[in-house]
Amino acid sequence: YHMLESPTYEQLRDENAHLREQNRRKDERIAYLERMLYSSKSDRLRRSLPDDQPGLFDEQFREALDEKAGRIEKAAEQIEREAASRRESSGASGKKPSRPEKYSYHGLEERTTVVMPEGVDPESCDVIGKDVTRVLHREPARLWVEVIERPVLRDKADRLSPSPRIHQAPSPRAVIGGNHAGADLLSQIVVDKYRYHLPEYRQAKQYADLGLRLPTSTINGWVHAVASRLDPLYEALRKDIRVTSDYLQVDEVPWRIADVSGRSRKGYAWQFMDARPRGHGLYFLYVCGSRAGEIPRAELRDFRGAIQTDGYGVYDYFELQEGVTLLGCMAHVRRKFTDAQASHPQLAARAVRWIGLLYELEANLRERGATPEETAAERRDKAIPIMDAMESWMEAVHTQCTPSDPMGKAIDYAYKLWPRLRRYALDGRYGIDNNAVERGQRPSVLGRKNYLFSKSDSGAVDNAVFYSLIETCDMVGVNPLEWMRHVLENLSDDTPPEQIKMMLPFYYKESRG
């Protein structure tokens with residue numbers, strides 16, 4: 001017979017917290033599933049309401065809505081007052097200039113030329129002052145050929161020996177097969193294409209002007225060879241982001257594939273971005289151009305943390321995953337209500353104003369430099385009441401528009417995702433939308449407009465490698481040209497995984513202080 005030990009206070013407290021968290025997650029999932037079931041059409045939003053007293057309920061509902069609206073007026077007033085003060089301090093436009101007020105050449109070489117007045121003997125005069133003028137110049141790009149000679153040496157003592165001792169320096173390591181292009185040239189070709197969106201045929205014209213005639217097919221072959229060389233870094237980047245991050249933003253971007261003569265098809269690349277304040281980067285994943293849900297499910301099968309997406313249905317799978325918090329994108333909701341102003345200007349304008357208050361609050365917090373803890377507290381205090389009022393408002397006004405109307409579609413879209421949208425208040429690190437991951441798509445979209453399409457799925461995979469690594473350089477603040485040259489000069493077939501990881505842009509920057 002053994003006496004059972006009584007649980008300690010700490011154990012009971014931890015168990016209670018765990019049960020509360022489980023109940024909260026179950027409540028969120030039930031709310032989401034109810035919305036998916038009852039709000040596929042706008043006229044089903046109030047399916048469970050009493051039918052015997054519709055007039056009385058409507059009156060009570062409007063009274064409750066008015067009470068909620070009254071409670072948020074104070075929060076709205078505080079947000080708008082702080083926003084007005086922020087605009088005054090930052091200028092009449094209320095926006096910080098996106099361009100520098102004056103050009104800066106910090107770090108550039110300076111060459112000084114002293115110009116003396118003509119007809120004056122400098123030895124007969126004293127210098128009592130000077131005027132300085134700075135003129136910016138550019139030297140054109142210059143190609144050159146490194147000729148590497150490796151003499152074959154024989155010991156003089158073995159001149160007559162049948163087996164003389166022969167000495168020769170090892171052959172230089174080739175970045176890609178053939179050893180015709182150095183790391184600096186290959187890096188420039190890749191960066192010009194994937195950062196500055198210059199197609200290979202335009203680059204061929206530039207190099208012809210510099211005295212080098214290269215077939216476009218040769219440049220294309222070099223690009224694919226560099227992609228193969230960088231593939232271990234791409235795989236290391238994928239693993240590093242999945243393992244180290246607890247907050248991802250996910251989206252898809254269309255890429256055209258012309259693998260059939262005379263026409264092209266639409267393929268999709270998935271984008272996964274480490275959305276933490278000091279994120280390790282982002283990566284694109286292309287799998288035969290598929291947009292099916294199996295791809296993010298397989299990629300994030302072991303992920304634990306927050307995932308922020310738009311309303312695409314394949315992401316609903318993560319709503320029911322243990323250890324995953326699914327966040328929504330308010331920008332997509334605002335866009336739909338903005339479009340609905342053409343058919344229901346007054347109703348849609350009210351929704352846009354409420355959402356605008358949420359974004360004003362975010363701008364105020366950024367300007368104030370609020371910590372994640374302060375941000376979460378402000379959202380709970382001011383944003384959640386606004387969202388609760390808007391939720392009640394959607395339930396009240398949905399009958400004023402048809403399900404096929406833009407306003408009806410906007411309400412239906414927002415209402416189903418509302419529990420997911422509210423969760424950004426759980427953590428001050430979370431964003432109100434996933435605009436950051438969409439901004440990461442711009443380079444691939446610009447490139448698509450310049451070189452139109454990939455000729456095969458393998459070419460699209462190579463594009464995913466380059467866009468992932470170059471956009472990660474931009475995200476963490478590393479010069480992509482310098483980084484890529486460093487990698488190509490030091491990466492070899494037998495580089496150990498630990499060293500490959502330290503070559504990733506985030507760790508590369510950390511190692512250089």
# chains A, B, ... in the order shown; residues from 1 in each chain; ligands from 1

$ residues_around --residues "Gly293 of chain A" --least-positions-apart "5" --cutoff "10 Å" --atoms "only C-alpha atoms" --output "ChimeraX atom specification"
/A:298,312-317

$ write_last_selection --atoms "C-alpha atoms" --output "PDB file, in the first residue's frame"
ATOM      1  CA  ALA A 298       3.868  18.345 -46.245  1.00  0.00           C
ATOM      2  CA  TYR A 312      -7.450  30.409 -49.544  1.00  0.00           C
ATOM      3  CA  GLY A 313      -9.269  27.228 -48.500  1.00  0.00           C
ATOM      4  CA  VAL A 314      -6.246  24.906 -48.430  1.00  0.00           C
ATOM      5  CA  TYR A 315      -5.008  26.676 -45.305  1.00  0.00           C
ATOM      6  CA  ASP A 316      -8.106  25.600 -43.331  1.00  0.00           C
ATOM      7  CA  TYR A 317      -6.254  22.352 -42.628  1.00  0.00           C
TER       8      TYR A 317
END

$ residues_around --residues "Ile470 of chain A" --least-positions-apart "6" --cutoff "9 Å" --atoms "only C-alpha atoms" --output "ChimeraX atom specification"
/A:191,194-195,479-481,484,505

$ write_last_selection --atoms "C-alpha atoms" --output "compact mmCIF listing (two decimals), in the first residue's frame"
# COMPACT_ATOMS: atom_id res chain seq x y z
CA VAL A 191 22.16 39.30 -59.60
CA TYR A 194 17.09 38.07 -60.42
CA ARG A 195 17.57 41.39 -58.63
CA ASN A 479 24.66 42.89 -50.23
CA PRO A 480 23.59 39.99 -52.51
CA LEU A 481 26.42 40.48 -55.00
CA MET A 484 27.04 35.35 -53.69
CA PRO A 505 22.76 35.32 -45.39

$ residues_around --residues "Leu426 of chain A" --least-positions-apart "4" --cutoff "10 Å" --atoms "only C-alpha atoms" --output "VMD selection string"
chain A and resid 325 373 375 to 377 379 to 380 422 430

$ write_last_selection --atoms "all heavy atoms" --output "PDB file, in the first residue's frame"
ATOM      1  N   THR A 325      -1.240  28.048 -34.525  1.00  0.00           N
ATOM      2  CA  THR A 325      -2.183  29.162 -34.442  1.00  0.00           C
ATOM      3  C   THR A 325      -2.294  29.782 -35.826  1.00  0.00           C
ATOM      4  O   THR A 325      -1.313  30.276 -36.372  1.00  0.00           O
ATOM      5  CB  THR A 325      -1.701  30.221 -33.430  1.00  0.00           C
ATOM      6  OG1 THR A 325      -1.581  29.622 -32.129  1.00  0.00           O
ATOM      7  CG2 THR A 325      -2.679  31.386 -33.368  1.00  0.00           C
ATOM      8  N   GLU A 373       5.068  43.382 -26.022  1.00  0.00           N
ATOM      9  CA  GLU A 373       4.138  43.296 -24.891  1.00  0.00           C
ATOM     10  C   GLU A 373       3.191  44.489 -24.877  1.00  0.00           C
ATOM     11  O   GLU A 373       1.970  44.328 -24.659  1.00  0.00           O
ATOM     12  CB  GLU A 373       4.917  43.232 -23.580  1.00  0.00           C
ATOM     13  CG  GLU A 373       5.748  41.976 -23.387  1.00  0.00           C
ATOM     14  CD  GLU A 373       7.010  41.955 -24.227  1.00  0.00           C
ATOM     15  OE1 GLU A 373       7.437  43.047 -24.686  1.00  0.00           O
ATOM     16  OE2 GLU A 373       7.574  40.866 -24.434  1.00  0.00           O
ATOM     17  N   THR A 375       2.383  46.303 -27.463  1.00  0.00           N
ATOM     18  CA  THR A 375       1.530  46.192 -28.650  1.00  0.00           C
ATOM     19  C   THR A 375       0.363  45.254 -28.392  1.00  0.00           C
ATOM     20  O   THR A 375      -0.796  45.568 -28.722  1.00  0.00           O
ATOM     21  CB  THR A 375       2.357  45.688 -29.843  1.00  0.00           C
ATOM     22  OG1 THR A 375       3.380  46.642 -30.143  1.00  0.00           O
ATOM     23  CG2 THR A 375       1.480  45.490 -31.066  1.00  0.00           C
ATOM     24  N   ALA A 376       0.635  44.088 -27.799  1.00  0.00           N
ATOM     25  CA  ALA A 376      -0.437  43.137 -27.507  1.00  0.00           C
ATOM     26  C   ALA A 376      -1.460  43.736 -26.542  1.00  0.00           C
ATOM     27  O   ALA A 376      -2.680  43.562 -26.715  1.00  0.00           O
ATOM     28  CB  ALA A 376       0.151  41.849 -26.931  1.00  0.00           C
ATOM     29  N   ALA A 377      -0.987  44.465 -25.524  1.00  0.00           N
ATOM     30  CA  ALA A 377      -1.908  45.074 -24.566  1.00  0.00           C
ATOM     31  C   ALA A 377      -2.781  46.139 -25.236  1.00  0.00           C
ATOM     32  O   ALA A 377      -3.992  46.220 -24.977  1.00  0.00           O
ATOM     33  CB  ALA A 377      -1.114  45.683 -23.412  1.00  0.00           C
ATOM     34  N   ARG A 379      -3.633  46.298 -28.392  1.00  0.00           N
ATOM     35  CA  ARG A 379      -4.590  45.633 -29.272  1.00  0.00           C
ATOM     36  C   ARG A 379      -5.763  45.068 -28.482  1.00  0.00           C
ATOM     37  O   ARG A 379      -6.924  45.181 -28.905  1.00  0.00           O
ATOM     38  CB  ARG A 379      -3.893  44.524 -30.054  1.00  0.00           C
ATOM     39  CG  ARG A 379      -2.937  45.022 -31.125  1.00  0.00           C
ATOM     40  CD  ARG A 379      -2.129  43.874 -31.703  1.00  0.00           C
ATOM     41  NE  ARG A 379      -1.271  44.298 -32.807  1.00  0.00           N
ATOM     42  CZ  ARG A 379      -0.368  43.510 -33.388  1.00  0.00           C
ATOM     43  NH1 ARG A 379      -0.208  42.265 -32.961  1.00  0.00           N
ATOM     44  NH2 ARG A 379       0.371  43.970 -34.389  1.00  0.00           N
ATOM     45  N   ARG A 380      -5.476  44.434 -27.340  1.00  0.00           N
ATOM     46  CA  ARG A 380      -6.573  43.896 -26.525  1.00  0.00           C
ATOM     47  C   ARG A 380      -7.469  45.009 -26.014  1.00  0.00           C
ATOM     48  O   ARG A 380      -8.696  44.847 -25.930  1.00  0.00           O
ATOM     49  CB  ARG A 380      -6.002  43.086 -25.362  1.00  0.00           C
ATOM     50  CG  ARG A 380      -5.367  41.765 -25.774  1.00  0.00           C
ATOM     51  CD  ARG A 380      -5.090  40.899 -24.558  1.00  0.00           C
ATOM     52  NE  ARG A 380      -4.131  41.508 -23.653  1.00  0.00           N
ATOM     53  CZ  ARG A 380      -2.817  41.307 -23.701  1.00  0.00           C
ATOM     54  NH1 ARG A 380      -2.310  40.517 -24.634  1.00  0.00           N
ATOM     55  NH2 ARG A 380      -2.020  41.883 -22.830  1.00  0.00           N
ATOM     56  N   ARG A 422      -8.912  37.872 -35.402  1.00  0.00           N
ATOM     57  CA  ARG A 422      -8.772  38.446 -34.065  1.00  0.00           C
ATOM     58  C   ARG A 422      -7.497  37.990 -33.358  1.00  0.00           C
ATOM     59  O   ARG A 422      -7.046  38.627 -32.412  1.00  0.00           O
ATOM     60  CB  ARG A 422      -9.976  38.067 -33.194  1.00  0.00           C
ATOM     61  CG  ARG A 422     -11.285  38.669 -33.654  1.00  0.00           C
ATOM     62  CD  ARG A 422     -12.462  38.155 -32.833  1.00  0.00           C
ATOM     63  NE  ARG A 422     -12.667  38.936 -31.616  1.00  0.00           N
ATOM     64  CZ  ARG A 422     -12.324  38.539 -30.415  1.00  0.00           C
ATOM     65  NH1 ARG A 422     -11.702  37.381 -30.251  1.00  0.00           N
ATOM     66  NH2 ARG A 422     -12.562  39.304 -29.359  1.00  0.00           N
ATOM     67  N   TYR A 430       2.961  39.543 -33.970  1.00  0.00           N
ATOM     68  CA  TYR A 430       2.143  39.194 -35.125  1.00  0.00           C
ATOM     69  C   TYR A 430       1.736  40.448 -35.890  1.00  0.00           C
ATOM     70  O   TYR A 430       1.499  41.510 -35.302  1.00  0.00           O
ATOM     71  CB  TYR A 430       0.887  38.432 -34.700  1.00  0.00           C
ATOM     72  CG  TYR A 430       1.143  37.106 -34.025  1.00  0.00           C
ATOM     73  CD1 TYR A 430       0.160  36.495 -33.255  1.00  0.00           C
ATOM     74  CD2 TYR A 430       2.365  36.460 -34.155  1.00  0.00           C
ATOM     75  CE1 TYR A 430       0.379  35.277 -32.625  1.00  0.00           C
ATOM     76  CE2 TYR A 430       2.596  35.236 -33.529  1.00  0.00           C
ATOM     77  CZ  TYR A 430       1.599  34.653 -32.758  1.00  0.00           C
ATOM     78  OH  TYR A 430       1.834  33.452 -32.144  1.00  0.00           O
TER      79      TYR A 430
END

$ residues_around --residues "segment 127-133 of chain A" --least-positions-apart "5" --cutoff "12 Å" --atoms "only C-alpha atoms" --output "list of chain:residue names"
A:Glu110, A:Arg111, A:Thr112, A:Thr113, A:Val114, A:Val115, A:Met116, A:Pro117, A:Asp121, A:Pro122

$ closest_residue --among "A:Glu362, A:Asp405, A:Asp310, A:Asp155" --to "Asp251 of chain A" --atoms "only C-alpha atoms"
A:Asp310

$ closest_residue --among "A:Glu123, A:Pro199, A:Pro385, A:Asp240" --to "Glu498 of chain A" --atoms "only C-alpha atoms"
A:Asp240

$ residues_around --residues "Leu233 of chain A" --least-positions-apart "2" --cutoff "8 Å" --atoms "only C-alpha atoms" --output "count of residues only"
9

$ select_by_dssp --residues "segment 99-292 of chain A" --states "alpha helix (DSSP H)" --output "number ranges by chain"
A: 183-194, 200-209, 216-244

$ atom_distance --atom1 "atom CA of Val175 of chain A" --atom2 "atom CA of Leu488 of chain A"
6.3 Å

$ closest_residue --among "A:Ile355, A:Leu347, A:Ile189, A:Ala76" --to "Asn220 of chain A" --atoms "only C-alpha atoms"
A:Ile189

$ residues_around --residues "Ser511 of chain A" --least-positions-apart "4" --cutoff "9 Å" --atoms "only C-alpha atoms" --output "list in words"
Met502, Phe506 and Tyr507 of chain A

$ closest_residue --among "A:Lys509, A:Tyr105, A:Thr338, A:Pro345" --to "Val478 of chain A" --atoms "only C-alpha atoms"
A:Lys509

$ closest_residue --among "A:Leu185, A:Ala331, A:Leu285, A:Ala269" --to "Val253 of chain A" --atoms "only C-alpha atoms"
A:Ala269
